[in-house]
>>> print(open('final-v5.pdb').read())   # PDB, C-alpha atoms
ATOM      1  CA  MET A1393       0.000   0.000   0.000
ATOM      2  CA  VAL A1394       2.812   2.401   0.900
ATOM      3  CA  VAL A1395       4.588   1.601  -2.349
ATOM      4  CA  LEU A1396       1.406   2.326  -4.325
ATOM      5  CA  PHE A1397       0.973   5.649  -2.535
ATOM      6  CA  GLU A1398       4.564   6.668  -3.248
ATOM      7  CA  LEU A1399       4.270   5.730  -6.919
ATOM      8  CA  THR A1400       1.044   7.730  -7.242
ATOM      9  CA  ALA A1401       2.560  10.737  -5.488
ATOM     10  CA  HIS A1402       5.650  10.557  -7.724
ATOM     11  CA  PHE A1403       3.442  10.476 -10.823
ATOM     12  CA  VAL A1404       1.398  13.480  -9.637
ATOM     13  CA  ILE A1405       4.519  15.508  -8.837
ATOM     14  CA  ARG A1406       6.189  14.691 -12.150
ATOM     15  CA  SER A1407       3.015  15.507 -14.065
ATOM     16  CA  ARG A1408       2.914  18.991 -12.539
ATOM     17  CA  VAL A1409       6.540  19.908 -13.296
ATOM     18  CA  PRO A1410       6.924  21.807 -16.591
ATOM     19  CA  PRO A1411       9.053  19.883 -19.078
ATOM     20  CA  ASP A1412      12.580  21.060 -19.834
ATOM     21  CA  SER A1413      11.486  22.132 -23.307
ATOM     22  CA  ASP A1414       9.158  24.758 -21.809
ATOM     23  CA  TRP A1415      11.903  26.102 -19.543
ATOM     24  CA  GLU A1416      14.332  26.185 -22.462
ATOM     25  CA  ALA A1417      11.885  28.117 -24.658
ATOM     26  CA  ALA A1418      11.178  30.664 -21.902
ATOM     27  CA  SER A1419      14.882  31.029 -21.174
ATOM     28  CA  ALA A1420      15.725  31.611 -24.827
ATOM     29  CA  TYR A1421      13.123  34.371 -25.006
ATOM     30  CA  ILE A1422      14.434  36.128 -21.877
ATOM     31  CA  ARG A1423      18.039  35.885 -23.115
ATOM     32  CA  SER A1424      17.051  37.500 -26.405
ATOM     33  CA  GLU A1425      15.251  40.429 -24.736
ATOM     34  CA  LYS A1426      17.186  40.918 -21.495
ATOM     35  CA  GLN A1427      19.125  44.153 -20.922
ATOM     36  CA  PRO A1428      22.180  44.602 -18.686
ATOM     37  CA  GLY A1429      21.121  45.080 -15.060
ATOM     38  CA  ASP A1430      17.733  43.366 -15.403
ATOM     39  CA  LEU A1431      16.605  41.132 -12.538
ATOM     40  CA  ILE A1432      15.168  37.661 -13.149
ATOM     41  CA  LEU A1433      13.049  35.932 -10.519
ATOM     42  CA  VAL A1434      10.605  33.043 -10.320
ATOM     43  CA  ALA A1435       7.313  32.284  -8.599
ATOM     44  CA  PRO A1436       6.723  30.277  -6.518
ATOM     45  CA  ASP A1437       9.930  30.645  -4.495
ATOM     46  CA  TRP A1438      10.593  26.916  -4.320
ATOM     47  CA  ALA A1439      11.134  26.856  -8.101
ATOM     48  CA  ASP A1440      14.305  28.939  -7.722
ATOM     49  CA  PRO A1441      16.633  25.922  -8.320
ATOM     50  CA  LEU A1442      14.892  25.355 -11.666
ATOM     51  CA  LEU A1443      15.375  28.997 -12.609
ATOM     52  CA  ARG A1444      19.069  28.793 -11.714
ATOM     53  CA  LEU A1445      19.442  25.595 -13.727
ATOM     54  CA  HIS A1446      18.260  27.312 -16.898
ATOM     55  CA  LEU A1447      19.217  30.965 -16.331
ATOM     56  CA  GLY A1448      21.763  30.899 -13.520
ATOM     57  CA  ASP A1449      24.481  32.491 -15.650
ATOM     58  CA  GLU A1450      22.194  35.536 -16.061
ATOM     59  CA  ILE A1451      21.752  35.989 -12.290
ATOM     60  CA  PRO A1452      24.880  37.539 -10.695
ATOM     61  CA  ILE A1453      25.504  37.377  -6.952
ATOM     62  CA  ALA A1454      24.461  41.006  -6.483
ATOM     63  CA  ALA A1455      21.053  40.183  -7.973
ATOM     64  CA  ALA A1456      20.557  36.860  -6.205
ATOM     65  CA  GLY A1457      21.595  38.402  -2.861
ATOM     66  CA  ARG A1458      19.783  41.729  -3.292
ATOM     67  CA  ALA A1459      18.754  43.682  -0.187
ATOM     68  CA  ASP A1460      15.597  44.896  -1.968
ATOM     69  CA  PHE A1461      14.445  45.857  -5.466
ATOM     70  CA  ALA A1462      15.924  49.376  -5.475
ATOM     71  CA  PRO A1463      18.947  48.638  -7.750
ATOM     72  CA  PHE A1464      16.759  47.405 -10.611
ATOM     73  CA  GLU A1465      14.674  49.134 -13.249
ATOM     74  CA  ARG A1466      13.271  46.050 -14.989
ATOM     75  CA  VAL A1467      12.261  42.676 -13.558
ATOM     76  CA  TRP A1468      11.625  39.486 -15.512
ATOM     77  CA  GLU A1469       9.103  37.327 -13.668
ATOM     78  CA  VAL A1470       8.967  33.631 -14.550
ATOM     79  CA  SER A1471       5.886  31.757 -13.359
ATOM     80  CA  ILE A1472       4.775  28.146 -13.117
ATOM     81  CA  ARG A1473       1.449  26.722 -11.904
ATOM     82  CA  GLY A1474      -0.141  30.185 -12.069
ATOM     83  CA  HIS A1475       1.923  31.663  -9.233
ATOM     84  CA  TRP A1476       3.005  35.306  -9.382
ATOM     85  CA  HIS A1477       5.167  37.401  -7.090
ATOM     86  CA  ARG A1478       2.957  38.900  -4.381
ATOM     87  CA  GLY A1479       4.249  42.473  -4.719
ATOM     88  CA  LEU A1480       5.140  43.022  -8.350
ATOM     89  CA  ASN A1481       1.720  43.564  -9.898
ATOM     90  CA  PRO A1482      -0.805  45.285  -7.567
ATOM     91  CA  ARG A1483      -4.442  44.349  -8.057
ATOM     92  CA  ASP A1484      -5.329  47.827  -9.300
ATOM     93  CA  ALA A1485      -2.544  47.809 -11.912
ATOM     94  CA  GLU A1486      -3.154  47.040 -15.559
ATOM     95  CA  PRO A1487      -2.354  43.441 -16.538
ATOM     96  CA  LEU A1488       1.057  43.107 -18.153
ATOM     97  CA  PRO A1489       1.644  41.335 -21.476
ATOM     98  CA  LEU A1490       2.048  37.630 -20.814
ATOM     99  CA  HIS A1491       4.285  35.343 -22.867
ATOM    100  CA  GLU A1492       3.498  31.651 -22.472
ATOM    101  CA  PHE A1493       5.848  28.801 -23.273
ATOM    102  CA  GLY A1494       3.829  25.691 -22.543
ATOM    103  CA  GLU A1495       3.571  25.531 -18.745
ATOM    104  CA  VAL A1496       6.062  28.350 -18.123
ATOM    105  CA  SER A1497       4.888  31.980 -18.304
ATOM    106  CA  VAL A1498       6.957  35.163 -18.488
ATOM    107  CA  ARG A1499       6.149  38.814 -18.016
ATOM    108  CA  LEU A1500       8.331  41.923 -17.808
ATOM    109  CA  HIS A1501       7.909  44.650 -15.179
ATOM    110  CA  ASP A1502       9.231  48.158 -15.744
ATOM    111  CA  ILE A1503       9.562  49.428 -12.167
ATOM    112  CA  GLY A1504      11.124  52.803 -12.968
ATOM    113  CA  PRO A1505      14.490  54.504 -12.455
ATOM    114  CA  SER A1506      16.701  53.156  -9.686
ATOM    115  CA  PRO A1507      17.161  55.535  -6.720
ATOM    116  CA  ILE A1508      20.628  54.147  -5.872
ATOM    117  CA  VAL A1509      23.404  56.782  -5.712
ATOM    118  CA  ALA A1510      26.156  54.633  -4.156
ATOM    119  CA  ASN A1511      26.274  51.076  -2.829
ATOM    120  CA  LEU A1512      28.361  51.013   0.342
ATOM    121  CA  ILE A1513      29.236  47.319  -0.074
ATOM    122  CA  ASP A1514      31.177  48.150  -3.234
ATOM    123  CA  ALA A1515      33.304  50.692  -1.333
ATOM    124  CA  LEU A1516      34.285  48.273   1.463
ATOM    125  CA  PRO A1517      37.902  47.554   0.336
ATOM    126  CA  GLN A1518      38.724  51.262   0.769
ATOM    127  CA  ALA A1519      37.085  51.519   4.206
ATOM    128  CA  GLU A1520      38.660  52.043   7.629
ATOM    129  CA  VAL A1521      37.676  49.408  10.197
ATOM    130  CA  ARG A1522      38.333  49.640  13.934
ATOM    131  CA  ILE A1523      37.484  47.874  17.178
ATOM    132  CA  GLY A1524      37.601  50.669  19.685
ATOM    133  CA  GLU A1525      40.852  52.461  18.883
ATOM    134  CA  ARG A1526      42.513  49.418  17.306
ATOM    135  CA  ALA A1527      42.653  49.263  13.497
ATOM    136  CA  CYS A1528      41.721  46.072  11.649
ATOM    137  CA  ARG A1529      43.950  45.033   8.742
ATOM    138  CA  TRP A1530      42.797  44.186   5.220
ATOM    139  CA  GLN A1531      44.086  40.697   4.467
ATOM    140  CA  SER A1532      43.697  37.846   2.038
ATOM    141  CA  ARG A1533      43.110  34.570   3.834
ATOM    142  CA  ARG A1534      41.601  31.216   2.989
ATOM    143  CA  ALA A1535      37.865  31.369   2.364
ATOM    144  CA  GLU A1536      36.025  29.219   4.895
ATOM    145  CA  GLY A1537      32.512  27.924   5.507
ATOM    146  CA  GLY A1538      29.659  28.059   3.061
ATOM    147  CA  GLY A1539      27.500  25.121   2.053
ATOM    148  CA  LEU A1540      25.163  22.837   3.961
ATOM    149  CA  GLY A1541      26.057  22.588   7.637
ATOM    150  CA  ARG A1542      29.215  24.693   7.279
ATOM    151  CA  GLY A1543      27.839  28.095   8.286
ATOM    152  CA  ALA A1544      28.039  31.370   6.436
ATOM    153  CA  LEU A1545      30.906  31.898   4.011
ATOM    154  CA  TRP A1546      33.938  33.697   5.432
ATOM    155  CA  PRO A1547      35.353  35.609   2.452
ATOM    156  CA  LYS A1548      38.945  35.371   1.299
ATOM    157  CA  ASP A1549      39.495  39.147   1.390
ATOM    158  CA  ARG A1550      38.450  40.800   4.638
ATOM    159  CA  PHE A1551      39.430  43.126   7.477
ATOM    160  CA  HIS A1552      40.863  40.826  10.135
ATOM    161  CA  CYS A1553      40.172  42.154  13.630
ATOM    162  CA  GLY A1554      40.998  39.044  15.764
ATOM    163  CA  PRO A1555      41.905  37.419  17.986
ATOM    164  CA  GLN A1556      38.819  35.283  17.302
ATOM    165  CA  PRO A1557      38.702  34.129  13.659
ATOM    166  CA  TRP A1558      35.071  35.222  13.226
ATOM    167  CA  LEU A1559      35.885  38.780  14.302
ATOM    168  CA  PHE A1560      36.267  40.352  10.875
ATOM    169  CA  VAL A1561      34.532  42.699   8.458
ATOM    170  CA  GLY A1562      34.060  41.466   4.904
ATOM    171  CA  GLU A1563      31.625  41.022   2.036
ATOM    172  CA  THR A1564      29.785  37.709   1.976
ATOM    173  CA  VAL A1565      26.448  36.097   1.117
ATOM    174  CA  LEU A1566      24.397  35.098   4.139
ATOM    175  CA  GLU A1567      21.031  33.329   4.437
ATOM    176  CA  ASP A1568      18.611  35.388   6.515
ATOM    177  CA  LEU A1569      15.772  34.206   8.768
ATOM    178  CA  ASP A1570      13.566  33.571   5.698
ATOM    179  CA  LEU A1571      16.393  31.586   4.070
ATOM    180  CA  GLN A1572      16.839  34.296   1.459
ATOM    181  CA  PRO A1573      20.419  34.918   0.274
ATOM    182  CA  ARG A1574      21.712  38.381   1.110
ATOM    183  CA  ARG A1575      24.837  40.003  -0.282
ATOM    184  CA  CYS A1576      26.047  41.941   2.734
ATOM    185  CA  VAL A1577      28.939  43.007   4.959
ATOM    186  CA  TRP A1578      29.674  40.662   7.863
ATOM    187  CA  GLN A1579      30.382  42.834  10.913
ATOM    188  CA  HIS A1580      30.234  40.623  14.005
ATOM    189  CA  PRO A1581      30.121  42.644  17.259
ATOM    190  CA  ALA A1582      33.004  42.355  19.702
ATOM    191  CA  SER A1583      32.957  42.042  23.460
ATOM    192  CA  GLY A1584      33.165  45.379  25.245
ATOM    193  CA  GLU A1585      34.018  47.638  22.287
ATOM    194  CA  PRO A1586      32.117  48.762  19.179
ATOM    195  CA  VAL A1587      33.166  47.631  15.708
ATOM    196  CA  ARG A1588      33.212  50.592  13.314
ATOM    197  CA  THR A1589      33.427  50.651   9.519
ATOM    198  CA  THR A1590      34.002  54.105   8.003
ATOM    199  CA  LEU A1591      33.650  54.834   4.298
ATOM    200  CA  ARG A1592      35.167  58.151   3.230
ATOM    201  CA  ASN A1593      33.848  60.684   0.725
ATOM    202  CA  VAL A1594      30.665  58.758  -0.088
ATOM    203  CA  PRO A1595      28.328  60.333  -2.704
ATOM    204  CA  LEU A1596      25.140  61.311  -0.894
ATOM    205  CA  GLY A1597      21.513  61.469  -1.950
ATOM    206  CA  GLU A1598      18.347  62.222  -0.017
ATOM    207  CA  ARG A1599      18.760  59.293   2.394
ATOM    208  CA  ILE A1600      20.699  56.261   3.491
ATOM    209  CA  VAL A1601      18.905  52.917   3.499
ATOM    210  CA  LEU A1602      20.416  50.104   5.550
ATOM    211  CA  HIS A1603      19.240  46.510   5.870
ATOM    212  CA  ALA A1604      20.645  44.093   8.430
ATOM    213  CA  GLY A1605      20.062  40.557   9.627
ATOM    214  CA  LEU A1606      21.712  37.583  11.270
ATOM    215  CA  TYR A1607      22.665  34.175   9.914
ATOM    216  CA  TYR A1608      19.435  32.184  10.192
ATOM    217  CA  VAL A1609      20.941  29.368  12.275
ATOM    218  CA  HIS A1610      21.854  31.861  14.991
ATOM    219  CA  GLU A1611      18.620  33.877  14.870
ATOM    220  CA  ARG A1612      16.128  31.025  14.547
ATOM    221  CA  PRO A1613      16.259  29.819  18.224
ATOM    222  CA  LEU A1614      15.118  33.314  19.351
ATOM    223  CA  THR A1615      17.423  33.170  22.379
ATOM    224  CA  GLY A1616      20.220  35.610  21.446
ATOM    225  CA  GLY A1617      20.805  39.147  22.662
ATOM    226  CA  THR A1618      20.031  42.325  20.761
ATOM    227  CA  VAL A1619      22.442  43.958  18.327
ATOM    228  CA  GLU A1620      22.602  47.729  17.782
ATOM    229  CA  VAL A1621      23.587  49.200  14.432
ATOM    230  CA  GLU A1622      24.271  52.912  14.364
ATOM    231  CA  VAL A1623      24.693  55.035  11.232
ATOM    232  CA  GLU A1624      26.869  58.156  11.423
ATOM    233  CA  LEU A1625      27.439  60.869   8.842
ATOM    234  CA  ASP A1626      30.577  62.995   9.280
ATOM    235  CA  GLY A1627      30.858  61.824  12.880
ATOM    236  CA  GLU A1628      27.251  62.605  13.834
ATOM    237  CA  SER A1629      24.717  59.870  14.615
ATOM    238  CA  ILE A1630      21.759  60.014  12.227
ATOM    239  CA  GLY A1631      19.998  56.714  12.949
ATOM    240  CA  THR A1632      20.037  53.521  15.008
ATOM    241  CA  MET A1633      18.607  50.063  14.408
ATOM    242  CA  VAL A1634      18.044  47.619  17.267
ATOM    243  CA  HIS A1635      17.918  44.096  15.860
ATOM    244  CA  ARG A1636      16.184  41.424  17.930
ATOM    245  CA  ASP A1637      15.870  37.752  17.128
ATOM    246  CA  GLY A1638      12.786  37.312  14.984
ATOM    247  CA  ASP A1639      13.245  40.614  13.128
ATOM    248  CA  GLY A1640      14.821  38.905  10.127
ATOM    249  CA  TRP A1641      16.037  41.148   7.322
ATOM    250  CA  LYS A1642      15.301  44.538   8.881
ATOM    251  CA  ARG A1643      15.289  47.973   7.261
ATOM    252  CA  LEU A1644      16.436  51.388   8.526
ATOM    253  CA  GLU A1645      16.029  54.591   6.510
ATOM    254  CA  VAL A1646      17.544  57.940   7.544
ATOM    255  CA  SER A1647      17.398  61.297   5.785
ATOM    256  CA  THR A1648      20.537  62.989   4.447
ATOM    257  CA  GLU A1649      18.720  65.517   2.271
ATOM    258  CA  THR A1650      20.014  68.637   4.053
ATOM    259  CA  ARG A1651      23.597  67.298   3.927
ATOM    260  CA  ALA A1652      23.431  66.428   0.222
ATOM    261  CA  ARG A1653      22.833  69.942  -1.086
ATOM    262  CA  GLY A1654      25.488  72.130  -2.680
ATOM    263  CA  ASP A1655      28.962  71.439  -1.349
ATOM    264  CA  ARG A1656      27.622  68.716   0.963
ATOM    265  CA  ALA A1657      27.179  66.209  -1.850
ATOM    266  CA  ARG A1658      29.667  63.840  -0.194
ATOM    267  CA  GLY A1659      30.350  62.699   3.332
ATOM    268  CA  ASP A1660      31.976  60.079   5.568
ATOM    269  CA  VAL A1661      29.567  57.294   6.506
ATOM    270  CA  THR A1662      30.237  55.053   9.514
ATOM    271  CA  ILE A1663      28.416  51.841  10.401
ATOM    272  CA  GLU A1664      28.924  50.928  14.067
ATOM    273  CA  VAL A1665      27.878  47.541  15.480
ATOM    274  CA  ARG A1666      27.729  46.668  19.167
ATOM    275  CA  ALA A1667      26.129  44.067  21.440
ATOM    276  CA  ASP A1668      26.213  43.401  25.192
ATOM    277  CA  GLN A1669      26.122  39.664  24.450
ATOM    278  CA  PRO A1670      28.008  39.255  21.162
ATOM    279  CA  ASP A1671      28.097  35.443  21.096
ATOM    280  CA  MET A1672      26.659  34.150  17.771
ATOM    281  CA  ARG A1673      25.509  37.649  16.791
ATOM    282  CA  THR A1674      26.514  37.188  13.156
ATOM    283  CA  LEU A1675      25.221  40.519  11.927
ATOM    284  CA  CYS A1676      25.475  41.330   8.236
ATOM    285  CA  TRP A1677      24.405  44.616   6.663
ATOM    286  CA  ALA A1678      23.778  46.126   3.239
ATOM    287  CA  ALA A1679      23.502  49.877   2.755
ATOM    288  CA  SER A1680      23.284  52.470   0.020
ATOM    289  CA  THR A1681      22.772  56.178  -0.453
ATOM    290  CA  ARG A1682      19.631  56.944  -2.453
ATOM    291  CA  GLY A1683      17.729  59.658  -4.239
ATOM    292  CA  PRO A1684      13.945  60.044  -4.403
ATOM    293  CA  ALA A1685      12.014  57.010  -3.227
ATOM    294  CA  ALA A1686      10.823  54.542  -5.849
ATOM    295  CA  SER A1687       7.576  52.592  -5.524
ATOM    296  CA  SER A1688       9.475  49.359  -6.141
ATOM    297  CA  GLU A1689      11.403  49.748  -2.876
ATOM    298  CA  SER A1690       8.428  48.438  -0.923
ATOM    299  CA  ILE A1691       8.526  45.122  -2.801
ATOM    300  CA  PRO A1692       9.918  42.395  -0.481
TER
END
>>> encode(input="final-v5.pdb", output="structure tokens")
Amino acid sequence: MVVLFELTAHFVIRSRVPPDSDWEAASAYIRSEKQPGDLILVAPDWADPLLRLHLGDEIPIAAAGRADFAPFERVWEVSIRGHWHRGLNPRDAEPLPLHEFGEVSVRLHDIGPSPIVANLIDALPQAEVRIGERACRWQSRRAEGGGLGRGALWPKDRFHCGPQPWLFVGETVLEDLDLQPRRCVWQHPASGEPVRTTLRNVPLGERIVLHAGLYYVHERPLTGGTVEVEVELDGESIGTMVHRDGDGWKRLEVSTETRARGDRARGDVTIEVRADQPDMRTLCWAASTRGPAASSESIP
């Protein structure tokens, strides 16, 4: 009886998976129409491995690990089984042209100009990193971790702060509480002293938007202490995020509009991280300076 049930279930599952020929036809169409900087995503979320199988070379790390939709102006949405992304096409919006390739559907969203002025992750190699008054050194070491059961990836190039090996600042990709990949800057808090990353002469816009979260394995038990992330501009605090277990990928937005006018178009931005109980507080942040808000920024 069990064997019969499993065979039936296998048949049902296989019958509902679009054939490779449909995926290949949809992929060929997207490749022919795609522009540099376009984002490609799939609905439902669990079909992401299938999307990567057929279009993975068109999805760079920065797109796969995006903090939000702000960097993109166009989004290709691939759908199977009638699923669509919950935020991309509001109910009161006009239906978008739909291209169907057997059981795989594709539609293109034009979400408007990107508000990004500068991505702070990109400027990390030129940053100054300190624990208290002690400077951390930029080094190339062996990449560690990553993969099932091996924790978040420790990047090869990073600011080593020691003495603990996990006490560093560096770009990585981390899975957040919702198991979404996030391209971000690992900045684990230290015991007793704040960890500060300062980026000099950053182009400013109307605001700074920062997202932060913890590695899901360390946040999921909901037993860890809080982590504070403070944003400074030219040495002055302009915003603070308090991250508690359960917050997941959290957003902070602070205005810089008065600083960005005239000769104040650039400034020094500091991200400070601290925690009273820093054990397993694997905080990772992504931040950018931005111009006028875009409607697409609210899309999760």
>>> closest_residue(input="final-v5.pdb", among="A:Trp1677, A:Phe1464, A:Trp1530, A:Tyr1607", to="A:Leu1566", atoms="all atoms listed in the file")
A:Tyr1607
>>> atom_distance(input="final-v5.pdb", atom1="atom CA of A:Gly1616", atom2="atom CA of A:Arg1666")
13.6 Å
>>> resolve_selection(input="final-v5.pdb", expression="the PyMOL selection byres ((chain A and resi 1557) around 12)", output="PyMOL selection string")
chain A and resi 1533-1537+1546-1547+1550-1556+1558-1561+1580+1582
>>> write_last_selection(input="final-v5.pdb", atoms="C-alpha atoms", output="PDB file, in the frame of the given file")
ATOM      1  CA  ARG A1533      43.110  34.570   3.834  1.00  0.00           C
ATOM      2  CA  ARG A1534      41.601  31.216   2.989  1.00  0.00           C
ATOM      3  CA  ALA A1535      37.865  31.369   2.364  1.00  0.00           C
ATOM      4  CA  GLU A1536      36.025  29.219   4.895  1.00  0.00           C
ATOM      5  CA  GLY A1537      32.512  27.924   5.507  1.00  0.00           C
ATOM      6  CA  TRP A1546      33.938  33.697   5.432  1.00  0.00           C
ATOM      7  CA  PRO A1547      35.353  35.609   2.452  1.00  0.00           C
ATOM      8  CA  ARG A1550      38.450  40.800   4.638  1.00  0.00           C
ATOM      9  CA  PHE A1551      39.430  43.126   7.477  1.00  0.00           C
ATOM     10  CA  HIS A1552      40.863  40.826  10.135  1.00  0.00           C
ATOM     11  CA  CYS A1553      40.172  42.154  13.630  1.00  0.00           C
ATOM     12  CA  GLY A1554      40.998  39.044  15.764  1.00  0.00           C
ATOM     13  CA  PRO A1555      41.905  37.419  17.986  1.00  0.00           C
ATOM     14  CA  GLN A1556      38.819  35.283  17.302  1.00  0.00           C
ATOM     15  CA  TRP A1558      35.071  35.222  13.226  1.00  0.00           C
ATOM     16  CA  LEU A1559      35.885  38.780  14.302  1.00  0.00           C
ATOM     17  CA  PHE A1560      36.267  40.352  10.875  1.00  0.00           C
ATOM     18  CA  VAL A1561      34.532  42.699   8.458  1.00  0.00           C
ATOM     19  CA  HIS A1580      30.234  40.623  14.005  1.00  0.00           C
ATOM     20  CA  ALA A1582      33.004  42.355  19.702  1.00  0.00           C
TER      21      ALA A1582
END
>>> residues_near_point(input="final-v5.pdb", point="(7.1, 31.5, -4.2)", cutoff="10 Å", atoms="all atoms listed in the file", output="VMD selection string")
chain A and resid 1433 to 1440 1471 to 1472 1475 to 1478
>>> write_last_selection(input="final-v5.pdb", atoms="C-alpha atoms", output="CSV table (one decimal), keeping the file's coordinate frame")
chain,number,residue,atom,x,y,z
A,1433,LEU,CA,13.0,35.9,-10.5
A,1434,VAL,CA,10.6,33.0,-10.3
A,1435,ALA,CA,7.3,32.3,-8.6
A,1436,PRO,CA,6.7,30.3,-6.5
A,1437,ASP,CA,9.9,30.6,-4.5
A,1438,TRP,CA,10.6,26.9,-4.3
A,1439,ALA,CA,11.1,26.9,-8.1
A,1440,ASP,CA,14.3,28.9,-7.7
A,1471,SER,CA,5.9,31.8,-13.4
A,1472,ILE,CA,4.8,28.1,-13.1
A,1475,HIS,CA,1.9,31.7,-9.2
A,1476,TRP,CA,3.0,35.3,-9.4
A,1477,HIS,CA,5.2,37.4,-7.1
A,1478,ARG,CA,3.0,38.9,-4.4
>>> axis_aligned_box(input="final-v5.pdb", around="stretch 1659-1675 of chain A", padding_each_side="3 Å", output="JSON")
{"center_x": 28.6, "center_y": 48.4, "center_z": 14.3, "size_x": 12.8, "size_y": 34.5, "size_z": 27.9}
>>> atom_distance(input="final-v5.pdb", atom1="atom CA of A:Glu1465", atom2="atom CA of A:Ile1503")
5.2 Å
>>> resolve_selection(input="final-v5.pdb", expression="the PyMOL selection byres ((chain A and resi 1494) around 9)", output="ChimeraX atom specification")
/A:1410-1411,1413-1415,1417-1418,1492-1493,1495-1497
>>> write_last_selection(input="final-v5.pdb", atoms="C-alpha atoms", output="short mmCIF file (atom, residue, chain, number, x, y, z; two decimals), in the coordinates of the input")
data_model
loop_
_atom_site.label_atom_id
_atom_site.label_comp_id
_atom_site.auth_asym_id
_atom_site.auth_seq_id
_atom_site.Cartn_x
_atom_site.Cartn_y
_atom_site.Cartn_z
CA PRO A 1410 6.92 21.81 -16.59
CA PRO A 1411 9.05 19.88 -19.08
CA SER A 1413 11.49 22.13 -23.31
CA ASP A 1414 9.16 24.76 -21.81
CA TRP A 1415 11.90 26.10 -19.54
CA ALA A 1417 11.88 28.12 -24.66
CA ALA A 1418 11.18 30.66 -21.90
CA GLU A 1492 3.50 31.65 -22.47
CA PHE A 1493 5.85 28.80 -23.27
CA GLU A 1495 3.57 25.53 -18.74
CA VAL A 1496 6.06 28.35 -18.12
CA SER A 1497 4.89 31.98 -18.30
#
>>> resolve_selection(input="final-v5.pdb", expression="the PyMOL selection byres ((chain A and resi 1532) around 6)", output="ChimeraX atom specification")
/A:1531,1533,1548-1549
>>> atom_distance(input="final-v5.pdb", atom1="atom CA of A:Ser1583", atom2="atom CA of A:Pro1670")
6.1 Å
>>> closest_residue(input="final-v5.pdb", among="A:Leu1606, A:Val1646, A:Val1587, A:Ala1685", to="A:Ile1523", atoms="all atoms listed in the file")
A:Val1587
>>> residues_around(input="final-v5.pdb", residues="A:Asp1637", least_positions_apart="2", cutoff="6 Å", atoms="only C-alpha atoms", output="NGL selection string")
:A and (1611 or 1614 or 1639)
>>> decode(input="final-v5.pdb", residues="stretch 1606-1610 of chain A", atoms="all heavy atoms", output="PDB file, in the first residue's frame")
ATOM      1  N   LEU A1606      20.770  38.559  10.734  1.00  0.00           N
ATOM      2  CA  LEU A1606      21.712  37.583  11.270  1.00  0.00           C
ATOM      3  C   LEU A1606      21.624  36.290  10.469  1.00  0.00           C
ATOM      4  O   LEU A1606      20.609  36.010   9.816  1.00  0.00           O
ATOM      5  CB  LEU A1606      21.410  37.276  12.740  1.00  0.00           C
ATOM      6  CG  LEU A1606      22.040  38.187  13.802  1.00  0.00           C
ATOM      7  CD1 LEU A1606      21.545  39.615  13.640  1.00  0.00           C
ATOM      8  CD2 LEU A1606      21.729  37.683  15.202  1.00  0.00           C
ATOM      9  N   TYR A1607      22.689  35.507  10.517  1.00  0.00           N
ATOM     10  CA  TYR A1607      22.665  34.175   9.914  1.00  0.00           C
ATOM     11  C   TYR A1607      21.530  33.377  10.550  1.00  0.00           C
ATOM     12  O   TYR A1607      21.392  33.329  11.770  1.00  0.00           O
ATOM     13  CB  TYR A1607      24.013  33.506  10.148  1.00  0.00           C
ATOM     14  CG  TYR A1607      24.151  32.117   9.565  1.00  0.00           C
ATOM     15  CD1 TYR A1607      23.759  31.849   8.262  1.00  0.00           C
ATOM     16  CD2 TYR A1607      24.682  31.067  10.320  1.00  0.00           C
ATOM     17  CE1 TYR A1607      23.894  30.591   7.713  1.00  0.00           C
ATOM     18  CE2 TYR A1607      24.828  29.807   9.785  1.00  0.00           C
ATOM     19  CZ  TYR A1607      24.432  29.566   8.484  1.00  0.00           C
ATOM     20  OH  TYR A1607      24.564  28.312   7.951  1.00  0.00           O
ATOM     21  N   TYR A1608      20.693  32.762   9.717  1.00  0.00           N
ATOM     22  CA  TYR A1608      19.435  32.184  10.192  1.00  0.00           C
ATOM     23  C   TYR A1608      19.620  31.144  11.293  1.00  0.00           C
ATOM     24  O   TYR A1608      18.791  31.041  12.214  1.00  0.00           O
ATOM     25  CB  TYR A1608      18.656  31.587   9.020  1.00  0.00           C
ATOM     26  CG  TYR A1608      19.150  30.239   8.545  1.00  0.00           C
ATOM     27  CD1 TYR A1608      18.549  29.063   8.977  1.00  0.00           C
ATOM     28  CD2 TYR A1608      20.218  30.132   7.648  1.00  0.00           C
ATOM     29  CE1 TYR A1608      18.992  27.821   8.540  1.00  0.00           C
ATOM     30  CE2 TYR A1608      20.666  28.909   7.218  1.00  0.00           C
ATOM     31  CZ  TYR A1608      20.055  27.755   7.659  1.00  0.00           C
ATOM     32  OH  TYR A1608      20.511  26.530   7.233  1.00  0.00           O
ATOM     33  N   VAL A1609      20.705  30.390  11.254  1.00  0.00           N
ATOM     34  CA  VAL A1609      20.941  29.368  12.275  1.00  0.00           C
ATOM     35  C   VAL A1609      21.073  29.997  13.657  1.00  0.00           C
ATOM     36  O   VAL A1609      20.649  29.432  14.667  1.00  0.00           O
ATOM     37  CB  VAL A1609      22.198  28.538  11.936  1.00  0.00           C
ATOM     38  CG1 VAL A1609      22.577  27.614  13.087  1.00  0.00           C
ATOM     39  CG2 VAL A1609      21.972  27.732  10.662  1.00  0.00           C
ATOM     40  N   HIS A1610      21.633  31.202  13.712  1.00  0.00           N
ATOM     41  CA  HIS A1610      21.854  31.861  14.991  1.00  0.00           C
ATOM     42  C   HIS A1610      20.658  32.704  15.430  1.00  0.00           C
ATOM     43  O   HIS A1610      20.520  32.999  16.618  1.00  0.00           O
ATOM     44  CB  HIS A1610      23.100  32.742  14.907  1.00  0.00           C
ATOM     45  CG  HIS A1610      24.330  31.968  14.582  1.00  0.00           C
ATOM     46  ND1 HIS A1610      25.399  32.514  13.882  1.00  0.00           N
ATOM     47  CD2 HIS A1610      24.679  30.671  14.839  1.00  0.00           C
ATOM     48  CE1 HIS A1610      26.338  31.589  13.731  1.00  0.00           C
ATOM     49  NE2 HIS A1610      25.923  30.483  14.294  1.00  0.00           N
TER      50      HIS A1610
END
